Structure formats: structure tokens, C-alpha cells
Amino acid sequence: MTIKGNVFSQGKVVLENNSEIGEKGKIKSAIGKKGIHIKGKVKVYGYMMTEGEGKVN
């Protein structure tokens with residue numbers, strides 16, 4: 001899945017295998033207030049932030 005914009009959730013953000021946020025040369029963000037969980041190969045062209053728990057599998 002490719003998302004060319006920013007991702008924001010009051011809950012958790014789950015990024016699964018082959019997910020991509022943004023594109024080369026353009027900074028985008030993934031923000032999950034309660035957590036961010038990364039599963040597999042994920043590309044984020046920019047920043048990731050959470051006030052909760054971050055997991056990488």
C-alpha cells in the first residue's frame with residue numbers, strides 16, 4: 001500500500017509489509033497518538049511519532 005500524504009490517528013497506526021508513506025524527496029509523517037506498530041518491510045519518507053508504544057517486528 002502506498003500513501004502519498006500524512007497519516008494521523010488518535011489511536012494506533014499499524015504499517016504492514018510493503019507499506020510506503022510519502023515519496024522520495026517529499027517529507028511526510030506517520031503519527032499514532034497511542035502507538036505505531038511496524039510489521040515487515042516499511043518505508044516512511046519523513047517522520048514517525050507516538051506518545052504511546054512503538055513496536056517493530
# chains A, B, ... in the order shown; residues from 1 in each chain; ligands from 1
>>> select_by_dssp(residues="chain A", states="strand (DSSP E or B)", output="number ranges by chain")
A: 2-3, 7-9, 12-15, 19-21, 23, 26, 28-32, 35-38, 42-44, 46-50, 53-56
>>> write_last_selection(atoms="C-alpha atoms", output="tab-separated table (two decimals), in the first residue's frame")
chain	number	residue	atom	x	y	z
A	2	THR	CA	1.29	3.46	-0.85
A	3	ILE	CA	0.04	6.62	0.85
A	7	VAL	CA	-1.03	9.58	8.32
A	8	PHE	CA	-2.60	10.58	11.65
A	9	SER	CA	-4.63	8.62	14.18
A	12	LYS	CA	-2.71	3.20	16.82
A	13	VAL	CA	-1.17	3.17	13.36
A	14	VAL	CA	-0.24	-0.28	12.02
A	15	LEU	CA	2.06	-0.38	8.99
A	19	SER	CA	3.63	-0.21	3.13
A	20	GLU	CA	5.04	3.10	1.95
A	21	ILE	CA	4.26	6.61	3.22
A	23	GLU	CA	7.71	9.53	-1.78
A	26	LYS	CA	8.93	14.77	-0.16
A	28	LYS	CA	5.56	13.12	5.13
A	29	SER	CA	4.70	11.95	8.66
A	30	ALA	CA	3.06	8.98	10.37
A	31	ILE	CA	1.62	9.94	13.77
A	32	GLY	CA	-0.20	7.50	16.03
A	35	GLY	CA	1.14	3.73	19.21
A	36	ILE	CA	2.86	2.76	15.97
A	37	HIS	CA	3.42	-0.88	15.01
A	38	ILE	CA	5.67	-1.73	12.05
A	42	VAL	CA	8.05	-0.48	5.51
A	43	LYS	CA	9.30	2.82	4.01
A	44	VAL	CA	8.48	6.21	5.52
A	46	GLY	CA	9.78	11.57	6.74
A	47	TYR	CA	8.97	11.28	10.43
A	48	MET	CA	7.20	8.89	12.80
A	49	MET	CA	5.90	9.91	16.21
A	50	THR	CA	3.84	8.43	19.01
A	53	GLU	CA	4.18	2.33	22.37
A	54	GLY	CA	6.32	1.73	19.28
A	55	LYS	CA	6.87	-1.84	18.02
A	56	VAL	CA	8.95	-3.19	15.16
>>> decode(residues="range 9-42 of chain A", atoms="N, CA and C atoms", output="CSV table (one decimal), in the first residue's frame")
chain,number,residue,atom,x,y,z
A,9,SER,N,-3.6,9.3,13.5
A,9,SER,CA,-4.6,8.6,14.2
A,9,SER,C,-4.6,9.0,15.7
A,10,GLN,N,-5.8,9.1,16.3
A,10,GLN,CA,-5.8,9.3,17.7
A,10,GLN,C,-5.5,7.9,18.4
A,11,GLY,N,-5.7,6.8,17.7
A,11,GLY,CA,-5.4,5.5,18.2
A,11,GLY,C,-4.1,5.0,17.7
A,12,LYS,N,-4.0,3.8,17.3
A,12,LYS,CA,-2.7,3.2,16.8
A,12,LYS,C,-2.6,3.2,15.3
A,13,VAL,N,-1.4,3.3,14.8
A,13,VAL,CA,-1.2,3.2,13.4
A,13,VAL,C,-0.4,1.9,13.2
A,14,VAL,N,-0.9,1.0,12.3
A,14,VAL,CA,-0.2,-0.3,12.0
A,14,VAL,C,0.2,-0.2,10.6
A,15,LEU,N,1.5,-0.4,10.3
A,15,LEU,CA,2.1,-0.4,9.0
A,15,LEU,C,2.5,-1.8,8.7
A,16,GLU,N,1.9,-2.4,7.7
A,16,GLU,CA,2.3,-3.8,7.4
A,16,GLU,C,3.2,-3.9,6.2
A,17,ASN,N,3.7,-5.1,6.0
A,17,ASN,CA,4.7,-5.4,4.9
A,17,ASN,C,4.4,-4.7,3.6
A,18,ASN,N,5.4,-4.1,3.0
A,18,ASN,CA,5.3,-3.4,1.8
A,18,ASN,C,4.5,-2.1,1.8
A,19,SER,N,4.3,-1.5,3.0
A,19,SER,CA,3.6,-0.2,3.1
A,19,SER,C,4.6,0.9,2.8
A,20,GLU,N,4.2,2.0,2.3
A,20,GLU,CA,5.0,3.1,1.9
A,20,GLU,C,4.3,4.4,2.2
A,21,ILE,N,4.9,5.3,2.9
A,21,ILE,CA,4.3,6.6,3.2
A,21,ILE,C,5.2,7.7,2.6
A,22,GLY,N,4.6,8.5,1.8
A,22,GLY,CA,5.3,9.6,1.1
A,22,GLY,C,6.0,9.1,-0.1
A,23,GLU,N,6.9,9.9,-0.6
A,23,GLU,CA,7.7,9.5,-1.8
A,23,GLU,C,9.1,10.2,-1.7
A,24,LYS,N,10.0,9.7,-2.4
A,24,LYS,CA,11.4,10.2,-2.3
A,24,LYS,C,11.4,11.7,-2.6
A,25,GLY,N,12.1,12.5,-1.7
A,25,GLY,CA,12.2,13.9,-1.9
A,25,GLY,C,11.1,14.7,-1.3
A,26,LYS,N,10.1,14.1,-0.8
A,26,LYS,CA,8.9,14.8,-0.2
A,26,LYS,C,8.7,14.2,1.2
A,27,ILE,N,8.9,15.0,2.3
A,27,ILE,CA,8.8,14.6,3.6
A,27,ILE,C,7.3,14.5,4.1
A,28,LYS,N,6.9,13.3,4.6
A,28,LYS,CA,5.6,13.1,5.1
A,28,LYS,C,5.7,12.5,6.5
A,29,SER,N,4.6,12.5,7.3
A,29,SER,CA,4.7,11.9,8.7
A,29,SER,C,3.7,10.9,8.9
A,30,ALA,N,4.0,10.0,9.8
A,30,ALA,CA,3.1,9.0,10.4
A,30,ALA,C,3.0,9.2,11.9
A,31,ILE,N,1.8,9.6,12.4
A,31,ILE,CA,1.6,9.9,13.8
A,31,ILE,C,0.5,9.1,14.3
A,32,GLY,N,0.8,8.3,15.3
A,32,GLY,CA,-0.2,7.5,16.0
A,32,GLY,C,-0.2,7.9,17.5
A,33,LYS,N,-1.2,8.5,18.0
A,33,LYS,CA,-1.1,9.0,19.4
A,33,LYS,C,-0.9,7.9,20.4
A,34,LYS,N,-1.6,6.7,20.2
A,34,LYS,CA,-1.5,5.6,21.2
A,34,LYS,C,-0.5,4.6,20.8
A,35,GLY,N,0.1,4.7,19.6
A,35,GLY,CA,1.1,3.7,19.2
A,35,GLY,C,1.4,3.6,17.7
A,36,ILE,N,2.5,3.1,17.4
A,36,ILE,CA,2.9,2.8,16.0
A,36,ILE,C,3.5,1.4,16.0
A,37,HIS,N,2.9,0.5,15.1
A,37,HIS,CA,3.4,-0.9,15.0
A,37,HIS,C,3.8,-1.1,13.6
A,38,ILE,N,5.1,-1.5,13.4
A,38,ILE,CA,5.7,-1.7,12.1
A,38,ILE,C,5.9,-3.2,11.9
A,39,LYS,N,5.3,-3.8,10.9
A,39,LYS,CA,5.4,-5.2,10.6
A,39,LYS,C,6.0,-5.4,9.2
A,40,GLY,N,7.2,-5.9,9.1
A,40,GLY,CA,7.8,-6.2,7.8
A,40,GLY,C,8.5,-5.0,7.2
A,41,LYS,N,8.6,-5.1,5.9
A,41,LYS,CA,9.3,-4.1,5.1
A,41,LYS,C,8.4,-2.8,4.9
A,42,VAL,N,8.8,-1.7,5.6
A,42,VAL,CA,8.0,-0.5,5.5
A,42,VAL,C,9.0,0.7,5.2
